[in-house]
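Working notes for the structure below.
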There are 2 protein chains.
Amino acid sequence: MTIARDRCGLAFTLAGSDHDVLLLSALEDVRWCTGFTGSNGWLVISRESTALLTDGRYTEQARAEVPVSIDVVECRSAGAMVEALGRVASSGTIAVQEGDLTVSAWRGIAKTVGRRLAPASGELADLRRAKTDSEISIIRRAARIADDALASCVELLRPGSSERLVRDALESRMRELGADGPSYDTIVAGGPINSARPHHRPTERTFQAADSIVVDVGALVDGYHSDMTRTFFVGEPAPEMLVWYDTLLEAQSTAIDLVEPGRAVREIDAACREVLTRAGLAEYFTHGLGHGVGLLIHENPYINQSATAVLRPGDVVTIEPGLYRGGLGGMRIEDLILVTESSHENLTSSPKDPRCPR
Amino acid sequence: MTIARDRCGLAFTLAGSDHDVLLLSALEDVRWCTGFTGSNGWLVISRESTALLTDGRYTEQARAEVPVSIDVVECRSAGAMVEALGRVASSGTIAVQEGDLTVSAWRGIAKTVGRRLAPASGELADLRRAKTDSEISIIRRAARIADDALASCVELLRPGSSERLVRDALESRMRELGADGPSYDTIVAGGPINSARPHHRPTERTFQAADSIVVDVGALVDGYHSDMTRTFFVGEPAPEMLVWYDTLLEAQSTAIDLVEPGRAVREIDAACREVLTRAGLAEYFTHGLGHGVGLLIHENPYINQSATAVLRPGDVVTIEPGLYRGGLGGMRIEDLILVTESSHENLTSSPKDPRCPR
């Protein structure tokens with residue numbers, strides 16, 4: 001089963017598929033295929049027609065957003081949407097996205113529509129992986145906005161500023177620079193407890209001398225995300241932290257150097273961990289090395305110890321090793337990397353000097 | 001099967017259940033039960049013990065957030081989490097939340113853990129419905145912040161201001177007033193096309209004379225949401241729009257008057273639609289009347305034509321009729337209503353005069 005978008009709009013092909021109908025329920029896939037940006041919609045692709053099922057909040061909007069070849073069907077309840085699916089997909093097996101559909105929705109469709117449901121082919125999970133030039137250009141812009149916002153807020157990283165103050169300044173600056181908003185909940189985490197929590201939520205805690213501060217910030221532009229992390233030290237950190245930082249930087253750089261088409265992601269993760277292992281720090285790196293970024297902030301390909309993906313041109317991934325020890329502190333360095341035809345390009349340009357401006 | 005939180009923390013009871021283990025996978029339920037605020041966590045409740053499974057990004061944080069009686073188990077991949085579930089829930093049937101779990105996750109658990117999965121009892125869907133005094137106090141604060149932010153931004157609703165400008169000002173003001181952020185993507189929709197789209201995303205379009213402007217804004221405080229909509233006219237709108245507005249206000253007021261314990265939500269929806277039907281406007285009200293609000297912005301009980309819920313004390317719901325006609329414009333009026341022991345209390349206090357300040 002293949003789905004392709006042509007330059008004018010989209011073309012769906014069910015050729016090579018055993019299934020008669022494909023139900024796309026994952027909103028990011030629906031958006032990618034049609035341009036529809038609402039929060040509720042199912043795209044139903046059959047050999048004869050393509051229909052977008054949505055509710056009354058989005059009917060007008062959907063008609064303006066999607067190509068005219070797609071029928072927009074207004075459904076006034078979740079039950080009505082399942083019934084409409086039965087009408088639109090009038091015969092044969094329906095392939096569904098089992099990684100998106102809840103068990104309840106699956107049961108509801110099977111019962112109401114009364115037809116065989118089958119898992120959509122695995123390729124669909126990589127539908128949005130290879131970014132087009134226009135997607136790359138949007139992601140590049142999103143990455144640039146985060147870089148510029150961080151550059152203009154870095155002077156706030158001083159004793160007395162709170163995590164929330166910096167978070168608010170970053171998000172507000174990204175908006176001024178043209179972002180639709182933050183790409184995810186911006187992380188600003190300072191000091192021995194908070195910076196040791198990889199996904200800390202900013203608090204009123206103010207920075208103090210010797211704090212490490214982790215700033216994880218990205219911009220949302222036209223539905224596409226960017227993702228970047230930098231770590232800073234307020235004044236002089238514990239000597240141990242400086243050693244950690246240099247090691248982490250080497251680990252990240254080693255990983256980035258390996259990003260190229262044909263590379264198994266697990267090798268990249270392993271090479272990064274190897275640097276940390278040699279320094280006796282691997283136990284403090286408690287999460288995966290990275291993930292794809294696009295219409296979702298976390299998407300394929302994931303980069304970790306058990307991932308099996310192989311990189312391809314057009315993949316946009318994060319490389320973000322971190323080290324965390326509660327009571328001492330934490331750090332993370334993250335860049336957004338585009339896999340090019342022969343190598344890679346780093347879309348993040350913020351400097352990696354961890355010293356705060358004085 | 002019952003789950004209750006006591007004042008000190010939580011108490012889980014599987015009494016009355018046919019199942020040996022309950023897997024809570026819906027993050028909002030996990031948060032409600034334990035205080036855990038991370039973005040990945042499963043709560044596994046068995047007759048012997050309770051465990052929170054999460055990944056390395058959240059281990060430290062989870063140990064600080066959840067009661068000491070809950071074991072925090074760090075899992076370094078999605079696969080490891082399923083394996084940990086098998087160890088923690090060592091025997092018997094596992095009840096799961098079929099409305100939350102994807103088909104893939106369900107299949108993965110069934111295959112790896114090798115035990116019978118059953119749907120958790122339906123009561124679980126109402127676990128978080130009856131808000132406690134402390135939850136109500138947080139939601140009240142969130143509603144107040146949105147009211148105050150709107151009051152301080154209403155002067156921006158004038159010709160020349162853009163939708164985005166107003167959106168940015170509202171969100172920034174809510175932060176200043178103590179919100180963690182917006183409760184959802186703030187809607188500012190002006191003019192004959194945009195205001196006729198119930199869930200429009202703010203653009204650079206600037207307001208013009210005779211525009212109707214729909215502002216749908218809420219604050220997020222400690223994980224709890226508020227939700228409110230007001231409609232404004234720039235200068236003199238089409239006479240038809242004034243008639244629409246008066247009718248809509250009457251419809252909303254009729255609905256709010258019916259909010260009380262024991263009331264079937266469908267009656268409220270019907271009474272509201274009846275006012276619009278008498279005025280010949282029902283066809284322009286294209287969505288449900290309201291929904292519950294709490295740790296999720298949309299949760300039980302939903303209020304629409306096919307809903308079967310009956311209101312209870314502690315429910316917090318929106319009442320938000322709207323009228324939309326592309327080319328003419330749209331409007332919505334939404335309040336957040338608490339169901340009290342004998343009646344209701346309106347948590348929204350923004351005025352409903354649609355004229356913009358001059």
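Ligands are numbered from 1 in the order shown, residues from 1 within each chain, and chains are lettered A, B, ... in the order they appear in the structure tokens.
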
Contacts of Leu242 of chain B at 12 Å or less, counting only C-alpha atoms, minus same-chain residues fewer than 4 places along, as a list in words?
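Surrounding residues, per the criterion: Ala210, Asp211, Ser212, Thr231, Phe232, Phe233, Gly235, Glu236, Pro237, Ala238, Asp246, Thr247, Leu248, Leu249, Gly329, Gly330, Met331, Asp353, Pro354 and Arg355 of chain B.
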
Can those selected residues be exported to a file as an mmCIF file, in the first residue's frame so that it contains C-alpha atoms?
```
data_model
loop_
_atom_site.group_PDB
_atom_site.id
_atom_site.type_symbol
_atom_site.label_atom_id
_atom_site.label_comp_id
_atom_site.auth_asym_id
_atom_site.auth_seq_id
_atom_site.Cartn_x
_atom_site.Cartn_y
_atom_site.Cartn_z
ATOM 1 C CA ALA B 210 -18.559 45.314 11.711
ATOM 2 C CA ASP B 211 -16.449 42.210 12.482
ATOM 3 C CA SER B 212 -17.625 39.795 15.080
ATOM 4 C CA THR B 231 -18.017 37.380 21.403
ATOM 5 C CA PHE B 232 -17.469 41.036 20.557
ATOM 6 C CA PHE B 233 -18.532 43.342 17.729
ATOM 7 C CA GLY B 235 -18.384 49.026 15.809
ATOM 8 C CA GLU B 236 -21.841 48.325 14.403
ATOM 9 C CA PRO B 237 -22.440 44.753 13.229
ATOM 10 C CA ALA B 238 -25.073 43.719 10.690
ATOM 11 C CA ASP B 246 -29.619 38.187 21.785
ATOM 12 C CA THR B 247 -31.048 34.801 20.846
ATOM 13 C CA LEU B 248 -27.791 33.035 21.622
ATOM 14 C CA LEU B 249 -27.579 34.720 24.996
ATOM 15 C CA GLY B 329 -19.714 35.357 10.755
ATOM 16 C CA GLY B 330 -20.009 33.473 13.996
ATOM 17 C CA MET B 331 -20.413 33.827 17.721
ATOM 18 C CA ASP B 353 -21.802 42.942 26.577
ATOM 19 C CA PRO B 354 -20.595 42.332 23.007
ATOM 20 C CA ARG B 355 -19.695 45.937 22.266
#
```

Residues of chain A that approach chain B to 8 Å or less, counting only C-alpha atoms: could you list each one with the shortest pair of atoms and its distance in Å to one decimal, rows by chain and increasing residue number, as a Markdown table?
```
| residue | atom | partner | partner_atom | distance |
| --- | --- | --- | --- | --- |
| A:Gly38 | CA | B:His199 | CA | 7.5 |
| A:Asp55 | CA | B:His287 | CA | 7.3 |
| A:Gly56 | CA | B:Thr286 | CA | 4.7 |
| A:Arg57 | CA | B:Pro198 | CA | 5.0 |
| A:Tyr58 | CA | B:Arg197 | CA | 6.7 |
| A:Glu60 | CA | B:Arg197 | CA | 6.3 |
| A:Gln61 | CA | B:Arg197 | CA | 6.2 |
| A:Arg76 | CA | B:His287 | CA | 6.7 |
| A:Ser77 | CA | B:Ser306 | CA | 7.6 |
| A:Glu98 | CA | B:Val103 | CA | 4.9 |
| A:Gly99 | CA | B:Ser104 | CA | 4.9 |
| A:Asp100 | CA | B:Thr102 | CA | 5.8 |
| A:Leu101 | CA | B:Thr102 | CA | 5.3 |
| A:Thr102 | CA | B:Thr102 | CA | 4.0 |
| A:Val103 | CA | B:Glu98 | CA | 4.9 |
| A:Ser104 | CA | B:Gly99 | CA | 4.9 |
| A:Ala105 | CA | B:Gly99 | CA | 7.3 |
| A:Trp106 | CA | B:Val103 | CA | 7.4 |
| A:Asp168 | CA | B:Arg175 | CA | 7.5 |
| A:Ser172 | CA | B:Ser172 | CA | 7.3 |
| A:Arg175 | CA | B:Asp168 | CA | 7.5 |
| A:Ala196 | CA | B:Glu60 | CA | 7.7 |
| A:Arg197 | CA | B:Gln61 | CA | 6.2 |
| A:Pro198 | CA | B:Arg57 | CA | 5.0 |
| A:His199 | CA | B:Arg57 | CA | 6.1 |
| A:His200 | CA | B:Gln61 | CA | 7.7 |
| A:Thr286 | CA | B:Gly56 | CA | 4.7 |
| A:His287 | CA | B:Gly56 | CA | 5.3 |
| A:Gly288 | CA | B:Arg76 | CA | 7.8 |
| A:Ser306 | CA | B:Ser77 | CA | 7.6 |
| A:Gly326 | CA | B:Glu60 | CA | 7.1 |
```

Those same residues, written as a compact mmCIF listing (two decimals), in the first residue's frame with C-alpha atoms?
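The resulting file, again.txt, is shown below:
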```txt
# COMPACT_ATOMS: atom_id res chain seq x y z
CA GLY A 38 -8.47 20.38 13.09
CA ASP A 55 -17.44 17.33 13.34
CA GLY A 56 -19.32 20.60 13.05
CA ARG A 57 -16.52 22.60 14.67
CA TYR A 58 -14.36 21.94 11.62
CA GLU A 60 -16.11 25.06 7.18
CA GLN A 61 -12.41 24.97 7.94
CA ARG A 76 -22.35 15.45 14.82
CA SER A 77 -21.09 12.83 17.31
CA GLU A 98 -3.51 0.09 15.35
CA GLY A 99 -0.83 2.29 16.89
CA ASP A 100 -3.28 5.17 17.01
CA LEU A 101 -6.77 3.74 17.38
CA THR A 102 -7.90 2.94 20.92
CA VAL A 103 -9.30 -0.48 21.71
CA SER A 104 -12.70 1.14 22.35
CA ALA A 105 -12.72 2.87 18.96
CA TRP A 106 -11.60 -0.36 17.29
CA ASP A 168 8.03 33.05 29.73
CA SER A 172 7.16 35.26 24.22
CA ARG A 175 6.10 34.35 19.20
CA ALA A 196 18.61 16.42 37.35
CA ARG A 197 15.03 15.89 36.14
CA PRO A 198 15.13 15.60 32.34
CA HIS A 199 11.53 16.78 31.89
CA HIS A 200 11.25 19.24 34.75
CA THR A 286 18.89 7.51 31.57
CA HIS A 287 16.98 8.09 28.35
CA GLY A 288 17.17 7.44 24.61
CA SER A 306 16.61 -1.16 21.15
CA GLY A 326 19.84 14.06 41.84
```

Counting only C-alpha atoms, the residue of A:Glu163, A:Asp148, A:Ala143, A:Ala209 that sits nearest Thr318 of chain A
A:Ala143

Would you mind writing down, as a PyMOL selection string, each residue of segment 12-166 of chain B that DSSP on the backbone assigns to alpha helix (DSSP H)?
chain B and resi 27-34+59-65+78-88+103-113+133-153+163-166

Taking 6 positions as the minimum chain separation for residues in the same chain, which residues sit within 9 Å of Leu295 of chain A when counting only C-alpha atoms? Answer as a ChimeraX atom specification.
/A:28-29,31-32,128,222-225

I need the chosen residues saved as a PDB file, in the first residue's frame, with N, CA and C atoms.
```pdb
ATOM      1  N   GLU A  28      -1.864  13.608  12.713  1.00  0.00           N
ATOM      2  CA  GLU A  28      -0.686  14.126  12.011  1.00  0.00           C
ATOM      3  C   GLU A  28      -0.611  13.537  10.608  1.00  0.00           C
ATOM      4  N   ASP A  29      -1.046  12.287  10.450  1.00  0.00           N
ATOM      5  CA  ASP A  29      -1.062  11.688   9.114  1.00  0.00           C
ATOM      6  C   ASP A  29      -2.166  12.308   8.257  1.00  0.00           C
ATOM      7  N   ARG A  31      -3.298  15.302   8.571  1.00  0.00           N
ATOM      8  CA  ARG A  31      -2.821  16.641   8.208  1.00  0.00           C
ATOM      9  C   ARG A  31      -1.810  16.573   7.068  1.00  0.00           C
ATOM     10  N   TRP A  32      -0.875  15.633   7.171  1.00  0.00           N
ATOM     11  CA  TRP A  32       0.169  15.496   6.161  1.00  0.00           C
ATOM     12  C   TRP A  32      -0.446  15.196   4.792  1.00  0.00           C
ATOM     13  N   ARG A 128       5.551   9.837   7.094  1.00  0.00           N
ATOM     14  CA  ARG A 128       5.989  11.233   7.145  1.00  0.00           C
ATOM     15  C   ARG A 128       7.484  11.385   7.389  1.00  0.00           C
ATOM     16  N   ASP A 222       3.788  26.482  11.513  1.00  0.00           N
ATOM     17  CA  ASP A 222       2.931  25.786  10.539  1.00  0.00           C
ATOM     18  C   ASP A 222       2.770  24.300  10.870  1.00  0.00           C
ATOM     19  N   GLY A 223       2.691  23.990  12.145  1.00  0.00           N
ATOM     20  CA  GLY A 223       2.471  22.599  12.553  1.00  0.00           C
ATOM     21  C   GLY A 223       3.750  21.805  12.748  1.00  0.00           C
ATOM     22  N   TYR A 224       4.891  22.337  12.306  1.00  0.00           N
ATOM     23  CA  TYR A 224       6.178  21.637  12.431  1.00  0.00           C
ATOM     24  C   TYR A 224       6.948  22.131  13.651  1.00  0.00           C
ATOM     25  N   HIS A 225       7.724  21.198  14.226  1.00  0.00           N
ATOM     26  CA  HIS A 225       8.400  21.455  15.490  1.00  0.00           C
ATOM     27  C   HIS A 225       9.911  21.617  15.311  1.00  0.00           C
TER      28      HIS A 225
END
```

Would you mind listing what lies within 12 Å of Val88 of chain B as an mmCIF file with C-alpha atoms, in the first residue's frame, with only C-alpha atoms counted and same-chain residues fewer than 2 positions away left out?
```cif
data_model
loop_
_atom_site.group_PDB
_atom_site.id
_atom_site.type_symbol
_atom_site.label_atom_id
_atom_site.label_comp_id
_atom_site.auth_asym_id
_atom_site.auth_seq_id
_atom_site.Cartn_x
_atom_site.Cartn_y
_atom_site.Cartn_z
ATOM 1 C CA ASP B 20 -6.693 -9.154 39.956
ATOM 2 C CA VAL B 21 -4.833 -6.214 38.522
ATOM 3 C CA LEU B 22 -5.846 -2.806 37.202
ATOM 4 C CA LEU B 23 -3.619 -1.018 34.697
ATOM 5 C CA TRP B 42 1.447 3.385 33.853
ATOM 6 C CA LEU B 43 -0.037 2.806 37.291
ATOM 7 C CA VAL B 44 -0.371 -0.882 38.128
ATOM 8 C CA ILE B 45 -2.694 -1.637 41.024
ATOM 9 C CA SER B 46 -2.872 -5.177 42.340
ATOM 10 C CA ARG B 47 -4.244 -6.597 45.568
ATOM 11 C CA GLU B 48 -0.741 -6.670 47.041
ATOM 12 C CA SER B 49 0.958 -3.536 45.771
ATOM 13 C CA THR B 50 0.862 -0.444 43.610
ATOM 14 C CA ALA B 51 3.601 0.458 41.165
ATOM 15 C CA LEU B 52 4.251 3.334 38.796
ATOM 16 C CA LEU B 53 6.127 2.342 35.650
ATOM 17 C CA ILE B 70 3.955 3.339 45.446
ATOM 18 C CA ASP B 71 6.975 1.608 43.945
ATOM 19 C CA VAL B 72 8.537 3.581 41.103
ATOM 20 C CA VAL B 73 9.909 1.255 38.428
ATOM 21 C CA MET B 81 7.563 -1.190 30.360
ATOM 22 C CA VAL B 82 5.395 -4.034 29.114
ATOM 23 C CA GLU B 83 7.832 -6.563 30.588
ATOM 24 C CA ALA B 84 7.777 -4.719 33.912
ATOM 25 C CA LEU B 85 3.983 -4.878 33.857
ATOM 26 C CA GLY B 86 4.260 -8.660 33.582
ATOM 27 C CA SER B 90 2.368 -11.449 38.528
ATOM 28 C CA SER B 91 -0.903 -13.336 38.181
ATOM 29 C CA GLY B 92 -4.545 -13.120 37.200
ATOM 30 C CA ILE B 94 -5.442 -7.500 34.002
ATOM 31 C CA VAL B 113 2.568 -10.687 29.429
#
```

Top pick for closest residue to Thr93 of chain A, considering A:Gly108, A:Arg116, A:Met241, A:Gln208 and counting only C-alpha atoms
A:Arg116

For the atom pair atom CA of Gly292 of chain B and atom CA of Ile138 of chain B, what is the interatomic distance in Å to one decimal place?
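It comes out at 15.1 Å.
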
Separation of atom CA of Gly160 of chain A from atom CA of Leu177 of chain B, in Å and rounded to one decimal
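So the two atoms, atom CA of Gly160 of chain A and atom CA of Leu177 of chain B, lie 19.8 Å apart.
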
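Coordinates place atom CA of Val310 of chain B at a distance of 26.2 Å from atom CA of Ile109 of chain A.
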
Taking the chain letters and numbering used in this document, name the residues of segment 164-225 of chain A that DSSP puts in strand (DSSP E), as a list in words.
Gly181, Pro182, Ile187, Val188, Ala189, Gly190, Ser212, Ile213, Val214, Val215, Asp216, Val217, Ala219, Leu220, Val221, Tyr224 and His225 of chain A

Atoms kept (N, CA and C atoms) for selection, written as a compact mmCIF listing (two decimals), in the first residue's frame:
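And here is the file that came out, selection_9.txt:
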```txt
# COMPACT_ATOMS: atom_id res chain seq x y z
N GLY A 181 3.86 29.23 18.49
CA GLY A 181 3.93 28.96 19.92
C GLY A 181 5.14 28.10 20.20
N PRO A 182 5.27 27.63 21.44
CA PRO A 182 6.36 26.70 21.73
C PRO A 182 6.03 25.34 21.11
N ILE A 187 11.33 23.68 28.79
CA ILE A 187 11.95 23.25 30.05
C ILE A 187 13.03 24.24 30.43
N VAL A 188 12.93 24.78 31.63
CA VAL A 188 14.03 25.55 32.22
C VAL A 188 14.20 24.98 33.61
N ALA A 189 15.35 24.34 33.85
CA ALA A 189 15.54 23.57 35.08
C ALA A 189 16.86 23.93 35.69
N GLY A 190 16.85 24.52 36.89
CA GLY A 190 18.09 24.99 37.49
C GLY A 190 18.39 24.32 38.82
N SER A 212 23.65 24.36 37.66
CA SER A 212 23.57 24.10 36.23
C SER A 212 22.12 24.36 35.82
N ILE A 213 21.95 24.89 34.62
CA ILE A 213 20.60 25.21 34.12
C ILE A 213 20.42 24.52 32.77
N VAL A 214 19.39 23.71 32.68
CA VAL A 214 19.07 23.04 31.42
C VAL A 214 17.91 23.80 30.76
N VAL A 215 18.12 24.23 29.52
CA VAL A 215 17.09 24.95 28.77
C VAL A 215 16.77 24.12 27.52
N ASP A 216 15.54 23.62 27.45
CA ASP A 216 15.11 22.75 26.34
C ASP A 216 13.95 23.47 25.66
N VAL A 217 14.19 23.98 24.47
CA VAL A 217 13.22 24.90 23.87
C VAL A 217 13.11 24.66 22.36
N ALA A 219 10.42 25.71 18.70
CA ALA A 219 9.36 26.56 18.16
C ALA A 219 8.43 25.73 17.28
N LEU A 220 7.17 26.14 17.28
CA LEU A 220 6.16 25.53 16.42
C LEU A 220 5.87 26.48 15.27
N VAL A 221 6.04 25.99 14.04
CA VAL A 221 5.78 26.83 12.85
C VAL A 221 4.97 26.01 11.85
N TYR A 224 4.89 22.34 12.31
CA TYR A 224 6.18 21.64 12.43
C TYR A 224 6.95 22.13 13.65
N HIS A 225 7.72 21.20 14.23
CA HIS A 225 8.40 21.45 15.49
C HIS A 225 9.91 21.62 15.31
```

Would you list the contacts of Ser349 of chain A as a VMD selection string, taking every protein, DNA or RNA residue within 10 Å and counting only C-alpha atoms, but skipping same-chain residues closer than 6 positions in sequence?
chain A and resid 143 to 144 146 to 148 228 335 to 336

How would the residues just picked look written out with C-alpha atoms as a tab-separated table (two decimals), in the first residue's frame?
```tsv
chain	number	residue	atom	x	y	z
A	143	ALA	CA	15.02	25.82	14.66
A	144	ARG	CA	16.31	29.28	13.82
A	146	ALA	CA	14.51	28.88	18.92
A	147	ASP	CA	18.19	29.73	18.41
A	148	ASP	CA	17.41	33.44	18.15
A	228	MET	CA	17.04	22.03	21.09
A	335	ASP	CA	20.83	19.50	18.33
A	336	LEU	CA	18.38	18.96	15.51
```

So that I can check the surroundings of Leu156 of chain A, please list as a ChimeraX atom specification every protein, DNA and RNA residue that reaches within 10 Å of it, counting only C-alpha atoms and ignoring chain neighbours fewer than 3 positions away.
/A:150,152-153,159-163,165-166,169,207,356-357
